[in-house]
Amino acid sequence: MTHTVPDAPELELHRLMNLHDIETEGQARLSVNALEYYRSGANDGHTLRGNQVAFTRLHLRPRMLVDVSHVKLETTVLGLPISMPIGAAPSAFHGLAHLEAELGTAQATQAAQTVMTLSTLSNTPIEAVSGRTGGRLWFQLYLYRDRERARALIQRAQAAGARALVLTVDAPELGRREANERLGFSLPPHLEAPNVGTREELARLEGSGSHLTRYFAGLMDASLNWRDLEWLRTVTDLPIVLKGILTGEDAALGVEHGAAAIWVSNHGGRQLDTAVPGIEALSEVVDAVAGRAEVYLDGGVRRGTDVLKALSLGARAVFLGRPVLYGLACGGAAGVERVLALIREELRLAMVLSGQTDVQKLSEKLVQWGR
Ligand SMILES: Cc1cc2nc3c(=O)[nH]c(=O)nc-3n(C[C@H](O)[C@H](O)[C@H](O)COP(=O)(O)O)c2cc1C
């Protein structure tokens, strides 16, 4: 198995017309190890596919004869001004896609003036990334069993200028991504996970199977529960975003426990297979939150119309997972910039064609579920 990113000729990014083109080209540029890690879903991949399919079941009810000569895409997330309601979701190991790794993603989100969520499992330390995001950095937290280690990581994120903590709650253990297990996914020797541990700690994982799964199992806290949220709030005054909520019940509990935002997600279909697609879970979460917190969504967002539908159902912003990684593989920061520019323009056009002028003034009247 090769661990290196192949030396492919430089792409003419402007020829890539949409996020599907970027996925195809990006995938062609990845090593087998990276490709399987990025594209895989849990088990049979029902939720992985369902995330995209569900958007096609939701139809738009466009309005006509509205003056759409000016369309406003700017918004805020937790008070942070962003140029459009689309940010980068946290994903591990950007170094598998491109040598620029998380610095490339940061540069692109800074250029697009939107928010980047840095994964606990990044290949670049928080401190290095934060300077490149134009102050629009959120830090995704996997809560370690070792609370002192967790506290130190949170303090590092805060000191580095992260503006929110995104606590991932759908991964008490990793879902079973069988393609990774077959291949025995491992982090290539030239990459590190500096927010997590030293190269020596990672090196202790030699053996067969997915090293990542075992490493994770050693670090993660499967006992994580609502009481830990209270602990978390004593450690930091950063706003806490709960990522991985799929029900109204949990959304309500999250708000009661002080979450500033609820991020509807099934982890890109990588955790519980057959879990509900995010876009189908969105309305009940929005209803349960009842304006007491912001609501975001990720999972299968590939088109401007997907963004428009999620916002119409009450999401304040959406986040892109794999498209960012494939953009990175296509050309580092320039590839991610292309992803963000394409979907931004698609959203603008979708608004124009459906008679909408402001992303903050969309209503559920714009959509209907197909019968
Ligand atoms: C390769 C990969 C790595 C990921 N790593 C993380 C992670 O470290 N932390 C996390 O909270 N979510 C992680 N996710 C989930 C994403 O944040 C996001 O929920 C998901 O990718 C959205 O779906 P999409 O890929 O269809 O856009 C990862 C997803 C992928 C594809």
# chains A, B, ... in the order shown; residues from 1 in each chain; ligands from 1

call {"tool": "residues_near_ligand", "arguments": {"ligand": "ligand 1", "cutoff": "7 Å", "atoms": "only C-alpha atoms and all ligand atoms", "output": "MDAnalysis selection string"}}
result
chainID A and resid 37:39 51 89:92 119:121 140 168 243 265:268 298:301 319:323

call {"tool": "select_by_dssp", "arguments": {"residues": "stretch 87-298 of chain A", "states": "strand (DSSP E or B)", "output": "ChimeraX atom specification"}}
result
/A:87-88,116-118,137-141,144,165-168,220,240-245,261-264,294-298

call {"tool": "write_last_selection", "arguments": {"atoms": "N, CA and C atoms", "output": "CSV table (one decimal), in the first residue's frame"}}
result
chain,number,residue,atom,x,y,z
A,87,GLY,N,-19.8,26.4,5.9
A,87,GLY,CA,-18.4,26.4,6.5
A,87,GLY,C,-17.8,25.0,6.3
A,88,ALA,N,-16.6,24.8,6.9
A,88,ALA,CA,-15.9,23.6,6.7
A,88,ALA,C,-16.1,22.7,8.0
A,116,MET,N,-13.9,27.7,9.7
A,116,MET,CA,-13.2,26.4,9.6
A,116,MET,C,-13.3,25.7,11.0
A,117,THR,N,-13.8,24.5,11.0
A,117,THR,CA,-13.8,23.7,12.2
A,117,THR,C,-12.6,22.7,12.2
A,118,LEU,N,-11.7,22.9,13.1
A,118,LEU,CA,-10.5,22.0,13.1
A,118,LEU,C,-10.7,20.8,13.9
A,137,LEU,N,-12.1,30.4,13.5
A,137,LEU,CA,-11.8,29.1,13.8
A,137,LEU,C,-12.6,28.5,14.9
A,138,TRP,N,-13.2,27.3,14.7
A,138,TRP,CA,-13.8,26.6,15.8
A,138,TRP,C,-13.0,25.3,16.0
A,139,PHE,N,-13.0,24.8,17.2
A,139,PHE,CA,-12.2,23.6,17.5
A,139,PHE,C,-13.2,22.4,17.8
A,140,GLN,N,-13.0,21.3,17.1
A,140,GLN,CA,-13.9,20.1,17.3
A,140,GLN,C,-13.2,19.3,18.4
A,141,LEU,N,-13.9,18.9,19.4
A,141,LEU,CA,-13.4,18.2,20.5
A,141,LEU,C,-13.9,16.8,20.6
A,144,TYR,N,-11.5,13.2,25.7
A,144,TYR,CA,-10.7,12.1,26.2
A,144,TYR,C,-11.1,11.6,27.5
A,165,LEU,N,-16.3,25.6,20.8
A,165,LEU,CA,-15.9,24.2,20.9
A,165,LEU,C,-17.0,23.4,20.4
A,166,VAL,N,-16.7,22.5,19.4
A,166,VAL,CA,-17.7,21.7,18.8
A,166,VAL,C,-17.5,20.3,19.4
A,167,LEU,N,-18.4,19.9,20.3
A,167,LEU,CA,-18.2,18.6,21.0
A,167,LEU,C,-18.9,17.5,20.1
A,168,THR,N,-18.2,16.6,19.6
A,168,THR,CA,-18.8,15.5,18.8
A,168,THR,C,-19.3,14.5,19.8
A,220,MET,N,-10.8,7.5,23.8
A,220,MET,CA,-12.2,8.0,23.9
A,220,MET,C,-12.9,7.6,25.1
A,240,ILE,N,-20.5,26.2,23.4
A,240,ILE,CA,-20.4,24.8,23.1
A,240,ILE,C,-21.4,24.4,22.0
A,241,VAL,N,-20.9,23.8,21.0
A,241,VAL,CA,-21.8,23.3,19.9
A,241,VAL,C,-21.9,21.8,20.0
A,242,LEU,N,-23.1,21.2,20.0
A,242,LEU,CA,-23.2,19.7,20.1
A,242,LEU,C,-23.3,19.2,18.7
A,243,LYS,N,-22.3,18.4,18.3
A,243,LYS,CA,-22.3,17.9,16.9
A,243,LYS,C,-22.7,16.4,16.9
A,244,GLY,N,-23.7,16.1,16.1
A,244,GLY,CA,-24.1,14.7,16.0
A,244,GLY,C,-25.4,14.4,16.6
A,245,ILE,N,-26.3,15.4,16.7
A,245,ILE,CA,-27.6,15.3,17.2
A,245,ILE,C,-28.6,14.9,16.1
A,261,ALA,N,-25.4,25.9,20.4
A,261,ALA,CA,-25.8,25.5,19.0
A,261,ALA,C,-25.9,23.9,19.0
A,262,ILE,N,-26.8,23.5,18.1
A,262,ILE,CA,-27.0,22.1,17.9
A,262,ILE,C,-26.7,21.8,16.4
A,263,TRP,N,-25.8,20.9,16.2
A,263,TRP,CA,-25.3,20.6,14.8
A,263,TRP,C,-25.8,19.2,14.4
A,264,VAL,N,-26.8,19.2,13.6
A,264,VAL,CA,-27.5,18.0,13.1
A,264,VAL,C,-26.5,17.3,12.2
A,294,GLU,N,-28.7,28.1,18.1
A,294,GLU,CA,-28.6,28.0,16.6
A,294,GLU,C,-28.6,26.5,16.2
A,295,VAL,N,-29.0,26.3,15.0
A,295,VAL,CA,-29.0,24.9,14.5
A,295,VAL,C,-28.2,24.8,13.2
A,296,TYR,N,-27.3,23.9,13.1
A,296,TYR,CA,-26.6,23.7,11.8
A,296,TYR,C,-26.8,22.3,11.3
A,297,LEU,N,-26.4,22.1,10.1
A,297,LEU,CA,-26.5,20.7,9.5
A,297,LEU,C,-25.3,20.4,8.6
A,298,ASP,N,-25.0,19.1,8.6
A,298,ASP,CA,-24.0,18.6,7.6
A,298,ASP,C,-24.5,17.2,7.1

call {"tool": "closest_atom_pairs", "arguments": {"of": "stretch 6-111 of chain A", "to": "stretch 275-281 of chain A", "cutoff": "9 Å", "atoms": "only C-alpha atoms", "output": "CSV"}}
result
residue,atom,partner,partner_atom,distance
A:His46,CA,A:Ala275,CA,8.3
A:Thr47,CA,A:Ala275,CA,5.9
A:Leu48,CA,A:Pro277,CA,8.3
A:Arg49,CA,A:Pro277,CA,9.0
A:Gly50,CA,A:Pro277,CA,5.9
A:Asn51,CA,A:Pro277,CA,4.8
A:Gln52,CA,A:Pro277,CA,8.2
A:Val53,CA,A:Pro277,CA,8.8
A:Ala54,CA,A:Pro277,CA,6.7
A:Phe55,CA,A:Ile279,CA,6.9
A:Leu58,CA,A:Ile279,CA,8.9

call {"tool": "write_last_selection", "arguments": {"atoms": "C-alpha atoms", "output": "PDB file, in the first residue's frame"}}
result
ATOM      1  CA  HIS A  46     -27.112   3.251   3.723  1.00  0.00           C
ATOM      2  CA  THR A  47     -26.796   6.470   5.684  1.00  0.00           C
ATOM      3  CA  LEU A  48     -23.808   7.592   3.622  1.00  0.00           C
ATOM      4  CA  ARG A  49     -25.884   7.399   0.426  1.00  0.00           C
ATOM      5  CA  GLY A  50     -29.108   8.426   2.162  1.00  0.00           C
ATOM      6  CA  ASN A  51     -27.670  11.819   3.096  1.00  0.00           C
ATOM      7  CA  GLN A  52     -27.502  12.859  -0.550  1.00  0.00           C
ATOM      8  CA  VAL A  53     -30.607  11.007  -1.732  1.00  0.00           C
ATOM      9  CA  ALA A  54     -32.769  12.649   0.948  1.00  0.00           C
ATOM     10  CA  PHE A  55     -32.119  16.101  -0.525  1.00  0.00           C
ATOM     11  CA  LEU A  58     -37.226  17.576  -0.794  1.00  0.00           C
TER      12      LEU A  58
END

call {"tool": "residues_around", "arguments": {"residues": "A:Arg145", "least_positions_apart": "6", "cutoff": "9 Å", "atoms": "only C-alpha atoms", "output": "count of residues only"}}
result
7

call {"tool": "select_by_dssp", "arguments": {"residues": "stretch 26-191 of chain A", "states": "helix (DSSP H, G or I)", "output": "ChimeraX atom specification"}}
result
/A:26-28,32-39,46-57,94-96,101-112,126-130,147-159,178-183

call {"tool": "closest_residue", "arguments": {"among": "A:Leu96, A:Leu328, A:Val285, A:Leu353", "to": "A:Leu187", "atoms": "only C-alpha atoms"}}
result
A:Leu96

call {"tool": "closest_residue", "arguments": {"among": "A:Glu178, A:Asp44, A:Glu364, A:Glu345", "to": "A:Leu73", "atoms": "only C-alpha atoms"}}
result
A:Glu345

call {"tool": "closest_residue", "arguments": {"among": "A:Thr24, A:Thr274, A:Ser83, A:Asn18", "to": "A:Ala329", "atoms": "only C-alpha atoms"}}
result
A:Thr24

call {"tool": "closest_residue", "arguments": {"among": "A:Ile86, A:Leu347, A:Ala179, A:Leu103", "to": "A:Val32", "atoms": "only C-alpha atoms"}}
result
A:Ala179

call {"tool": "closest_residue", "arguments": {"among": "A:Val359, A:Leu174, A:Leu366, A:Met351", "to": "A:Val66", "atoms": "only C-alpha atoms"}}
result
A:Met351

call {"tool": "residues_around", "arguments": {"residues": "A:Val71", "least_positions_apart": "4", "cutoff": "9 Å", "atoms": "only C-alpha atoms", "output": "VMD selection string"}}
result
chain A and resid 348 351 to 352 356 to 359

call {"tool": "closest_residue", "arguments": {"among": "A:Thr234, A:Ser31, A:Ser312, A:Thr114", "to": "A:Lys365", "atoms": "only C-alpha atoms"}}
result
A:Ser312
